$ cat entry.txt   # compact mmCIF, C-alpha atoms
# COMPACT_ATOMS: atom_id res chain seq x y z
CA MET A 12 52.19 -96.10 -17.08
CA ALA A 13 50.43 -94.48 -20.04
CA LYS A 14 47.90 -96.40 -22.10
CA THR A 15 49.28 -97.55 -25.44
CA PHE A 16 48.05 -98.35 -28.92
CA GLU A 17 49.36 -100.18 -31.96
CA LEU A 18 50.81 -98.22 -34.88
CA LYS A 19 51.84 -99.32 -38.34
CA VAL A 20 53.25 -96.83 -40.87
CA THR A 21 53.48 -98.07 -44.44
CA ASP A 22 54.24 -96.70 -47.87
CA PRO A 23 54.34 -98.46 -51.26
CA ASP A 24 57.77 -99.91 -50.39
CA GLY A 25 56.49 -101.65 -47.24
CA ILE A 26 56.47 -101.13 -43.49
CA VAL A 27 58.27 -97.96 -42.41
CA TYR A 28 57.64 -98.35 -38.66
CA GLU A 29 55.62 -100.61 -36.41
CA THR A 30 55.04 -100.70 -32.64
CA ASP A 31 52.49 -101.80 -30.08
CA LYS A 32 53.77 -99.34 -27.46
CA ALA A 33 52.76 -95.98 -28.95
CA THR A 34 51.51 -93.49 -26.36
CA SER A 35 50.92 -90.45 -28.60
CA LEU A 36 50.93 -89.63 -32.30
CA ILE A 37 50.60 -86.23 -33.96
CA ILE A 38 49.92 -86.34 -37.69
CA PRO A 39 49.62 -83.73 -40.45
CA SER A 40 46.07 -84.22 -41.72
CA ALA A 41 44.25 -82.28 -44.41
CA GLY A 42 42.26 -80.54 -41.67
CA GLY A 43 45.33 -79.59 -39.63
CA PHE A 44 47.43 -81.46 -37.12
CA MET A 45 45.61 -84.26 -35.32
CA GLY A 46 46.65 -85.83 -32.02
CA ILE A 47 45.96 -89.50 -31.33
CA LEU A 48 46.06 -91.22 -27.95
CA ALA A 49 44.91 -94.64 -26.77
CA ASP A 50 41.11 -95.13 -26.95
CA HIS A 51 40.77 -92.51 -29.71
CA ALA A 52 37.43 -92.48 -31.50
CA PRO A 53 37.37 -94.29 -34.86
CA VAL A 54 38.38 -92.00 -37.70
CA ILE A 55 39.75 -91.98 -41.23
CA ALA A 56 41.66 -88.87 -42.28
CA GLU A 57 43.68 -87.71 -45.26
CA LEU A 58 47.39 -87.13 -44.67
CA GLN A 59 49.17 -84.14 -46.11
CA LEU A 60 52.88 -83.38 -46.49
CA GLY A 61 54.34 -82.93 -43.04
CA VAL A 62 55.96 -84.56 -40.06
CA ALA A 63 54.27 -87.19 -37.92
CA THR A 64 55.65 -87.28 -34.38
CA LEU A 65 55.43 -90.51 -32.38
CA LEU A 66 55.91 -90.92 -28.66
CA GLU A 67 56.58 -94.46 -27.52
CA GLU A 68 57.14 -95.89 -24.06
CA GLY A 69 60.79 -95.64 -23.05
CA LYS A 70 62.01 -94.08 -26.31
CA GLU A 71 62.91 -90.66 -27.69
CA PRO A 72 60.28 -89.03 -29.94
CA LEU A 73 60.43 -90.28 -33.53
CA ARG A 74 59.64 -88.05 -36.51
CA ILE A 75 58.46 -89.47 -39.81
CA VAL A 76 58.15 -87.34 -42.95
CA VAL A 77 54.90 -88.29 -44.68
CA SER A 78 53.64 -87.19 -48.05
CA GLY A 79 49.99 -87.83 -48.70
CA GLY A 80 47.91 -90.89 -47.98
CA PHE A 81 45.43 -91.81 -45.28
CA VAL A 82 45.31 -92.72 -41.60
CA GLU A 83 42.76 -95.02 -39.99
CA VAL A 84 42.16 -95.23 -36.24
CA LEU A 85 40.09 -98.17 -35.01
CA ASP A 86 40.13 -100.23 -31.79
CA ASN A 87 43.47 -98.88 -30.49
CA THR A 88 45.13 -99.60 -33.82
CA VAL A 89 46.44 -96.84 -36.08
CA MET A 90 47.29 -97.57 -39.71
CA MET A 91 49.10 -94.85 -41.66
CA LEU A 92 49.03 -95.60 -45.38
CA ALA A 93 51.33 -92.95 -46.81
CA GLU A 94 52.19 -92.24 -50.43
CA ALA A 95 55.74 -91.77 -49.11
CA ALA A 96 57.11 -92.04 -45.57
CA GLU A 97 60.63 -91.72 -44.26
CA ARG A 98 61.92 -91.95 -40.69
CA GLU A 99 64.14 -89.05 -39.66
CA ASP A 100 67.10 -91.39 -39.07
CA GLU A 101 66.78 -92.89 -42.56
CA ILE A 102 66.60 -89.73 -44.68
CA ASP A 103 69.17 -89.73 -47.46
CA THR A 104 70.25 -86.09 -47.29
CA GLU A 105 72.31 -86.28 -50.50
CA ARG A 106 69.27 -87.57 -52.40
CA ALA A 107 67.06 -84.91 -50.81
CA GLU A 108 69.56 -82.20 -51.76
CA ARG A 109 69.65 -83.46 -55.38
CA ALA A 110 65.83 -83.48 -55.47
CA LYS A 111 65.77 -79.91 -54.17
CA GLU A 112 68.28 -78.68 -56.75
CA HIS A 113 66.47 -80.49 -59.59
CA ALA A 114 63.10 -79.03 -58.57
CA LEU A 115 64.55 -75.51 -58.28
CA LYS A 116 65.97 -75.81 -61.78
CA LEU A 117 62.62 -77.00 -63.18
CA LEU A 118 60.76 -74.21 -61.38
CA GLU A 119 62.72 -71.56 -63.26
CA ASP A 120 60.21 -72.13 -66.08
CA HIS A 121 57.00 -70.63 -64.66
CA THR A 122 55.00 -71.79 -67.69
CA ARG A 123 55.50 -75.51 -66.97
CA PRO A 124 52.16 -77.34 -67.06
CA ASP A 125 53.31 -79.41 -64.04
CA TYR A 126 54.51 -76.42 -61.99
CA ASP A 127 52.39 -77.40 -58.95
CA ARG A 128 53.70 -80.98 -58.99
CA VAL A 129 57.30 -79.77 -59.17
CA GLN A 130 56.62 -77.28 -56.34
CA ALA A 131 55.30 -80.19 -54.24
CA ARG A 132 58.51 -82.13 -54.94
CA LEU A 133 60.53 -79.12 -53.80
CA ASP A 134 58.43 -78.78 -50.63
CA ARG A 135 58.99 -82.47 -49.80
CA ALA A 136 62.75 -82.23 -50.39
CA LEU A 137 63.01 -79.13 -48.18
CA LEU A 138 61.01 -80.82 -45.40
CA ARG A 139 63.19 -83.95 -45.58
CA LEU A 140 66.32 -81.80 -45.28
CA LYS A 141 64.87 -79.86 -42.36
CA VAL A 142 63.93 -83.02 -40.45
CA ALA A 143 67.27 -84.68 -41.20
CA GLY A 144 69.03 -81.58 -39.86
CA VAL A 145 67.04 -81.76 -36.64
CA SER A 146 67.93 -85.44 -36.33
CA ALA A 147 71.64 -84.81 -36.96
CA ARG A 148 71.81 -82.13 -34.23
CA ARG A 149 70.21 -84.43 -31.65
CA LYS A 150 72.80 -87.21 -32.11
$ encode --input "entry.txt" --output "structure tokens"
Amino acid sequence: MAKTFELKVTDPDGIVYETDKATSLIIPSAGGFMGILADHAPVIAELQLGVATLLEEGKEPLRIVVSGGFVEVLDNTVMMLAEAAEREDEIDTERAERAKEHALKLLEDHTRPDYDRVQARLDRALLRLKVAGVSARRK
């Protein structure tokens, strides 16, 4: 039996996922992907847009799209405080598609002062659609 740790993933809307049986977590940090196992050294890291992958005893891997925020690892407890987080099985693909189309339309104007922000919105929508597609094929 693998050693486990506690994990809580939150965003401004509340708890996205919580378990005390996590065996492995891979997160998209500002310095690259970071793997976390039980007894990990204490650390605080910045999250970037990407997919966190959780392995939990007796369950299929779970993917969570995260967009910014921080992760703290301390005493076999991992807290992910994301600006936005969405489990693969809860992604609203219609909303993600609308966000993609809206961002593409806004990006047609290359002189927009918020071009980078709109590009980030497009990147997030595309990632959400990609992860939702992976989830739909596995069902």
$ atom_distance --input "entry.txt" --atom1 "atom CA of A:Leu137" --atom2 "atom CA of A:Ser78"
12.4 Å
$ axis_aligned_box --input "entry.txt" --around "stretch 40-43 of chain A" --padding-each-side "8 Å" --output "JSON"
{"center_x": 44.2, "center_y": -81.9, "center_z": -42.0, "size_x": 19.8, "size_y": 20.6, "size_z": 20.8}
$ closest_residue --input "entry.txt" --among "A:Lys141, A:Leu18, A:Glu29, A:Val129" --to "A:Leu85" --atoms "only C-alpha atoms"
A:Leu18
$ atom_distance --input "entry.txt" --atom1 "atom CA of A:Glu83" --atom2 "atom CA of A:Glu57"
9.1 Å
$ closest_residue --input "entry.txt" --among "A:Leu115, A:Leu58, A:Leu140, A:Leu48" --to "A:Met91" --atoms "only C-alpha atoms"
A:Leu58
$ closest_residue --input "entry.txt" --among "A:Val142, A:Leu133, A:Ala13, A:Ile47" --to "A:Thr88" --atoms "all atoms listed in the file"
A:Ile47
$ closest_residue --input "entry.txt" --among "A:Ala114, A:Ala131, A:Val77, A:Val84" --to "A:Val54" --atoms "only C-alpha atoms"
A:Val84
